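Colleague: Encoded as structure tokens, here's the structure I'll be asking about.
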Amino acid sequence: MLSIYNTLTRKKEIFEPIHPSHVGMYVCGPTVYGDAHLGHARAAITFDLLYRYLKYLGYKVRYVRNITDVGHLENDADAGEDKIGKRARLEEIEPMEIVQRYTNHYHANMAQLGMLSPDIEPHASGHIIEQQQFAKKILENGYAYEMNGSVYFDVEKYNRKYHYGKLSGRKLEDLITNTRELEGQKEKKNPYDFALWKKMTPGHIMHWPSPWSEGYPGWHLECSVMSTRYLGEKFDIHGGGMDLLFPHHECEIAQSTAALGTESVKYWMHNNLITINGQKMGKSLGNAISLNEIRFFQEAIHYLKRLMILCPSVFLSFRHTTAVLLTFQTRQYRLRKKDWNDYGREWLCSTGLPLHPPGRLMPLLLNRKASMRLMMI
RNA sequence: GGUCGGUUGGCCGAGUGGUUAGGCAACGGUCUGCAAAACCGUGUACAGCGGUUCGAAUCCGCUACCGACCUCCA
């Protein structure tokens, strides 16, 4: 027996597949414009475990995990720009070259971690037609509208019949104030509407022809499309990181429901995030430790595996002071001074350990207790 | 506001129904010319309230704090 915490119902439920003996499972995979980091590993491991366990239980499982390799928005500074395109211009190579490189890296990392491969690993760029068809279907069903070559999802209309916000627990009226400013905001009926197809802006590298414009698919469409394509209109499990809960998965539900008239996913699962020094580890936050870096540590000092947390409070509790601090020292630049001033110092005070900033603390502790004492203030 | 977590003895940190986890610090001792090191010994803690159970840190509920996330993001 397997019970699963279902984000949709906010309850732990006993797992019962839609079709006896078969399980369909879709997991949001990486955006391949950079090295995979610990966060990717966590998601992969979480669902690798589930995949193995389901198979162990005797189910025939189809595990689908996508590769996101088409235009997604970056941030407010350069909103509307294709991430992969941007990176490619900087390095002056083909966008698909970047995609290929990081896809390869990702696969290598997953192999290093002993992960089973998904049964199907669809690329968003390989399903442009299907995405257009899906958008068309939503248009036909009246839950989207075209504006200047872009197609937007009509959230308000959808919400009249269905419930937008059921997964994340949001209310539509609260969303009005909390939507970020994006290019093309004015052409939307409502700020919370999202794009199914976006007309390209000049300089945008990855784009495809469509009935509406030369452009690229919306940010959430690929998952709705590829999941239902390979697992059917109804399937069992959809997984991903907690940070995808809203808006990504919420929009996915809306898209699928609007297109198919029925909800697709039975169990929604969200793994929690990895934080570093109390902050989410994220590609764009610049605090991510990549799997290649971890690989380096494992090779250099294998027994440090446990120390991936790298928080100043942890290392002092262990005997392996020397080893721990080696890591710590190498990683020093990742610890912000502020953390030490606000937290580390005060904390060290209560432990009776020497009050030194990391730079000076390091060599002291490397020589273990004796010197530590001598150097105490 | 929404979602998910956490709260263990001076400080860290294991532990998912039934033997004292462990470490650091502290204290006492052995040793030592004095220290340090080393070694021996000493601490019955699980946020609060209620429930389930023969039995709960561990399961359920409520309360209180703390935290992460909610923008492309695993």
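Identifiers in the structure tokens: chain A, B, ... in order shown; residue index from 1 per chain; ligand index from 1 in order shown.
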Got a sec: who's within 10 Å of B:C69, counting only C-alpha atoms (C1' of nucleotides), leaving out chain neighbours fewer than 4 positions off, as an MDAnalysis selection string?
Modeller: (chainID A and resid 242:245 272:273 279:280) or (chainID B and resid 3:4)
Colleague: Any idea which chain B residues end up within 7 Å of chain A if we count only C-alpha atoms (C1' of nucleotides), as an MDAnalysis selection string please?
Modeller: chainID B and resid 2:4 11:12 23:25 36 69:74
Colleague: Could you save those same residues with N, CA and C atoms (P, O5', C5', C4', C3', O3' and C1' of nucleotides) as a tab-separated table (two decimals), in the first residue's frame?
Modeller:
```
chain	number	residue	atom	x	y	z
B	2	G	P	-4.90	32.15	4.30
B	2	G	O5'	-4.27	31.55	2.97
B	2	G	C5'	-5.10	31.18	1.87
B	2	G	C4'	-4.24	30.63	0.77
B	2	G	C3'	-3.39	29.43	1.15
B	2	G	O3'	-4.12	28.23	1.06
B	2	G	C1'	-2.04	31.00	0.05
B	3	U	P	-3.72	27.04	2.04
B	3	U	O5'	-2.31	26.58	1.46
B	3	U	C5'	-2.24	25.92	0.20
B	3	U	C4'	-0.82	25.54	-0.09
B	3	U	C3'	-0.12	24.75	1.00
B	3	U	O3'	-0.49	23.38	1.01
B	3	U	C1'	1.32	26.45	0.24
B	4	C	P	-0.43	22.60	2.38
B	4	C	O5'	1.13	22.41	2.62
B	4	C	C5'	1.89	21.66	1.68
B	4	C	C4'	3.35	21.84	1.98
B	4	C	C3'	3.79	21.40	3.36
B	4	C	O3'	3.93	20.00	3.42
B	4	C	C1'	4.77	23.49	2.86
B	11	C	P	20.63	26.42	24.46
B	11	C	O5'	21.90	26.12	23.56
B	11	C	C5'	22.68	27.20	23.03
B	11	C	C4'	23.69	26.65	22.06
B	11	C	C3'	23.10	25.85	20.92
B	11	C	O3'	22.67	26.73	19.88
B	11	C	C1'	24.92	24.66	21.83
B	12	C	P	21.71	26.17	18.78
B	12	C	O5'	22.65	25.12	18.06
B	12	C	C5'	22.14	24.16	17.21
B	12	C	C4'	23.27	23.27	16.74
B	12	C	C3'	22.78	22.04	16.01
B	12	C	O3'	22.55	22.35	14.65
B	12	C	C1'	24.37	21.39	17.62
B	23	G	P	30.01	10.91	22.04
B	23	G	O5'	30.21	12.30	21.28
B	23	G	C5'	30.99	12.36	20.09
B	23	G	C4'	30.82	13.70	19.45
B	23	G	C3'	31.27	14.89	20.29
B	23	G	O3'	32.67	15.07	20.23
B	23	G	C1'	29.17	15.36	19.32
B	24	C	P	33.44	15.59	21.49
B	24	C	O5'	33.03	17.12	21.53
B	24	C	C5'	33.47	18.00	20.50
B	24	C	C4'	32.81	19.34	20.66
B	24	C	C3'	32.97	20.01	22.02
B	24	C	O3'	34.23	20.62	22.18
B	24	C	C1'	30.74	20.19	21.31
B	25	A	P	34.88	20.63	23.63
B	25	A	O5'	33.88	21.58	24.44
B	25	A	C5'	33.86	22.98	24.19
B	25	A	C4'	32.74	23.62	24.97
B	25	A	C3'	32.82	23.49	26.49
B	25	A	O3'	33.71	24.43	27.05
B	25	A	C1'	30.62	23.03	25.77
B	36	A	P	44.25	22.74	31.48
B	36	A	O5'	44.66	22.49	29.97
B	36	A	C5'	44.56	23.55	29.02
B	36	A	C4'	45.30	23.16	27.77
B	36	A	C3'	44.88	21.82	27.17
B	36	A	O3'	43.72	21.94	26.37
B	36	A	C1'	47.22	21.92	27.29
B	69	C	P	12.74	31.91	0.34
B	69	C	O5'	11.53	31.24	-0.44
B	69	C	C5'	11.75	30.14	-1.31
B	69	C	C4'	10.43	29.59	-1.77
B	69	C	C3'	9.51	30.60	-2.44
B	69	C	O3'	9.88	30.82	-3.78
B	69	C	C1'	8.27	29.34	-0.90
B	70	C	P	9.64	32.23	-4.42
B	70	C	O5'	8.06	32.27	-4.59
B	70	C	C5'	7.42	31.34	-5.45
B	70	C	C4'	5.93	31.46	-5.30
B	70	C	C3'	5.35	32.83	-5.55
B	70	C	O3'	5.23	33.06	-6.93
B	70	C	C1'	4.37	31.91	-3.63
B	71	U	P	4.86	34.46	-7.51
B	71	U	O5'	5.65	34.18	-8.86
B	71	U	C5'	5.18	34.70	-10.10
B	71	U	C4'	6.37	35.09	-10.89
B	71	U	C3'	7.41	33.97	-10.98
B	71	U	O3'	7.15	33.11	-12.09
B	71	U	C1'	8.43	36.05	-10.43
B	72	C	P	6.94	33.42	-13.55
B	72	C	O5'	7.82	32.26	-14.20
B	72	C	C5'	8.14	32.26	-15.60
B	72	C	C4'	9.54	31.81	-15.76
B	72	C	C3'	9.95	30.53	-15.04
B	72	C	O3'	9.46	29.40	-15.72
B	72	C	C1'	11.67	32.13	-14.95
B	73	C	P	9.39	28.01	-14.96
B	73	C	O5'	10.66	27.91	-14.02
B	73	C	C5'	11.67	26.92	-14.10
B	73	C	C4'	12.66	27.27	-13.03
B	73	C	C3'	12.78	26.27	-11.87
B	73	C	O3'	14.02	25.61	-11.99
B	73	C	C1'	12.71	28.52	-11.12
B	74	A	P	14.43	24.49	-12.90
B	74	A	O5'	14.23	23.25	-11.95
B	74	A	C5'	13.72	22.04	-12.44
B	74	A	C4'	12.97	21.36	-11.31
B	74	A	C3'	11.81	22.18	-10.78
B	74	A	O3'	10.63	21.90	-11.48
B	74	A	C1'	13.20	21.46	-8.99
```
Colleague: Provide the atom CA of A:Thr257 to atom CA of A:Leu196 distance in Å, to one decimal place.
Modeller: 14.1 Å
Colleague: If you count only C-alpha atoms (C1' of nucleotides), which residues fall within 12 Å of B:G43, apart from same-chain ones fewer than 6 positions away, as a ChimeraX atom specification?
Modeller: /B:9-10,20,26-27
Colleague: With a distance cut-off of 10 Å and only C-alpha atoms (C1' of nucleotides), select the neighbouring residues of A:Glu263, excluding the residue or stretch itself and same-chain residues fewer than 6 positions from it, and output the selection as a PyMOL selection string.
Modeller: chain A and resi 233-235+252-257
Colleague: Please write the residues from the selection above to a file, keeping all heavy atoms, as a compact mmCIF listing (two decimals), in the first residue's frame.
Modeller:
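File produced: selection27.txt:
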```txt
# COMPACT_ATOMS: atom_id res chain seq x y z
N GLU A 233 -5.56 11.63 -21.36
CA GLU A 233 -6.24 12.82 -20.84
C GLU A 233 -6.38 12.77 -19.34
O GLU A 233 -6.55 13.79 -18.68
CB GLU A 233 -7.61 12.96 -21.51
CG GLU A 233 -7.48 13.20 -23.01
CD GLU A 233 -8.76 13.71 -23.64
OE1 GLU A 233 -9.78 13.80 -22.95
OE2 GLU A 233 -8.72 14.02 -24.85
N LYS A 234 -6.35 11.58 -18.80
CA LYS A 234 -6.34 11.44 -17.34
C LYS A 234 -5.17 10.56 -16.95
O LYS A 234 -5.01 9.48 -17.51
CB LYS A 234 -7.63 10.77 -16.86
CG LYS A 234 -8.79 11.74 -16.70
CD LYS A 234 -10.01 10.96 -16.23
CE LYS A 234 -11.19 11.87 -15.94
NZ LYS A 234 -11.01 12.66 -14.72
N PHE A 235 -4.39 11.05 -16.05
CA PHE A 235 -3.29 10.20 -15.58
C PHE A 235 -3.11 10.38 -14.07
O PHE A 235 -3.73 11.23 -13.43
CB PHE A 235 -2.02 10.47 -16.36
CG PHE A 235 -1.51 11.89 -16.28
CD1 PHE A 235 -0.56 12.25 -15.33
CD2 PHE A 235 -1.96 12.85 -17.17
CE1 PHE A 235 -0.08 13.57 -15.27
CE2 PHE A 235 -1.49 14.16 -17.12
CZ PHE A 235 -0.56 14.52 -16.16
N GLU A 252 -1.53 24.95 -15.60
CA GLU A 252 -1.61 23.67 -16.29
C GLU A 252 -3.00 23.05 -16.13
O GLU A 252 -3.59 22.55 -17.09
CB GLU A 252 -0.58 22.72 -15.68
CG GLU A 252 0.54 22.39 -16.62
CD GLU A 252 1.46 21.37 -15.98
OE1 GLU A 252 1.22 20.17 -16.12
OE2 GLU A 252 2.42 21.81 -15.33
N ILE A 253 -3.47 23.07 -14.91
CA ILE A 253 -4.80 22.53 -14.65
C ILE A 253 -5.83 23.27 -15.49
O ILE A 253 -6.70 22.68 -16.14
CB ILE A 253 -5.17 22.65 -13.15
CG1 ILE A 253 -4.29 21.69 -12.33
CG2 ILE A 253 -6.64 22.34 -12.92
CD1 ILE A 253 -4.55 21.75 -10.84
N ALA A 254 -5.72 24.58 -15.48
CA ALA A 254 -6.68 25.40 -16.22
C ALA A 254 -6.63 25.08 -17.71
O ALA A 254 -7.66 24.89 -18.36
CB ALA A 254 -6.38 26.88 -15.98
N GLN A 255 -5.42 24.99 -18.25
CA GLN A 255 -5.27 24.71 -19.68
C GLN A 255 -5.88 23.36 -20.05
O GLN A 255 -6.65 23.25 -21.00
CB GLN A 255 -3.78 24.67 -20.04
CG GLN A 255 -3.13 26.03 -20.07
CD GLN A 255 -1.63 25.95 -20.18
OE1 GLN A 255 -0.99 26.91 -20.53
NE2 GLN A 255 -1.06 24.79 -19.88
N SER A 256 -5.49 22.35 -19.28
CA SER A 256 -5.98 21.01 -19.59
C SER A 256 -7.49 20.93 -19.47
O SER A 256 -8.18 20.35 -20.32
CB SER A 256 -5.33 19.98 -18.67
OG SER A 256 -3.95 19.96 -18.88
N THR A 257 -8.01 21.53 -18.43
CA THR A 257 -9.45 21.50 -18.23
C THR A 257 -10.16 22.25 -19.34
O THR A 257 -11.19 21.80 -19.86
CB THR A 257 -9.81 22.11 -16.87
OG1 THR A 257 -9.01 21.49 -15.86
CG2 THR A 257 -11.28 21.88 -16.53
```
Colleague: May I have the residues within 10 Å of A:Gly58 as an NGL selection string, using only C-alpha atoms (C1' of nucleotides) and disregarding those fewer than 4 positions away in the same chain?
Modeller: :A and (21-22 or 52-54)
Colleague: Given only C-alpha atoms (C1' of nucleotides) as the basis, pick out the residue of B:U16, B:G28, B:U8, B:G1 nearest to B:C59.
Modeller: B:U16
Colleague: With a distance cut-off of 6 Å and only C-alpha atoms (C1' of nucleotides), select the neighbouring residues of A:Asp119, excluding the residue or stretch itself and same-chain residues fewer than 2 positions from it, and output the selection as a PyMOL selection string.
Modeller: chain A and resi 62-64
Colleague: Hey, which of B:U44, B:U53, B:U30, B:U63 ends up closest to B:G18? Count only C-alpha atoms (C1' of nucleotides).
Modeller: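 When distances to B:G18 are compared using only C-alpha atoms (C1' of nucleotides), the smallest one comes from B:U53.
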Colleague: Please compute the atom CA of A:Arg65-atom CA of A:Asn141 distance, one decimal, in Å.
Modeller: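 We find that atom CA of A:Arg65 and atom CA of A:Asn141 lie 28.0 Å from each other.
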Colleague: Measure the distance from atom CA of A:Lys266 to atom CA of A:His220 in Å and round it to one decimal.
Modeller: 18.6 Å
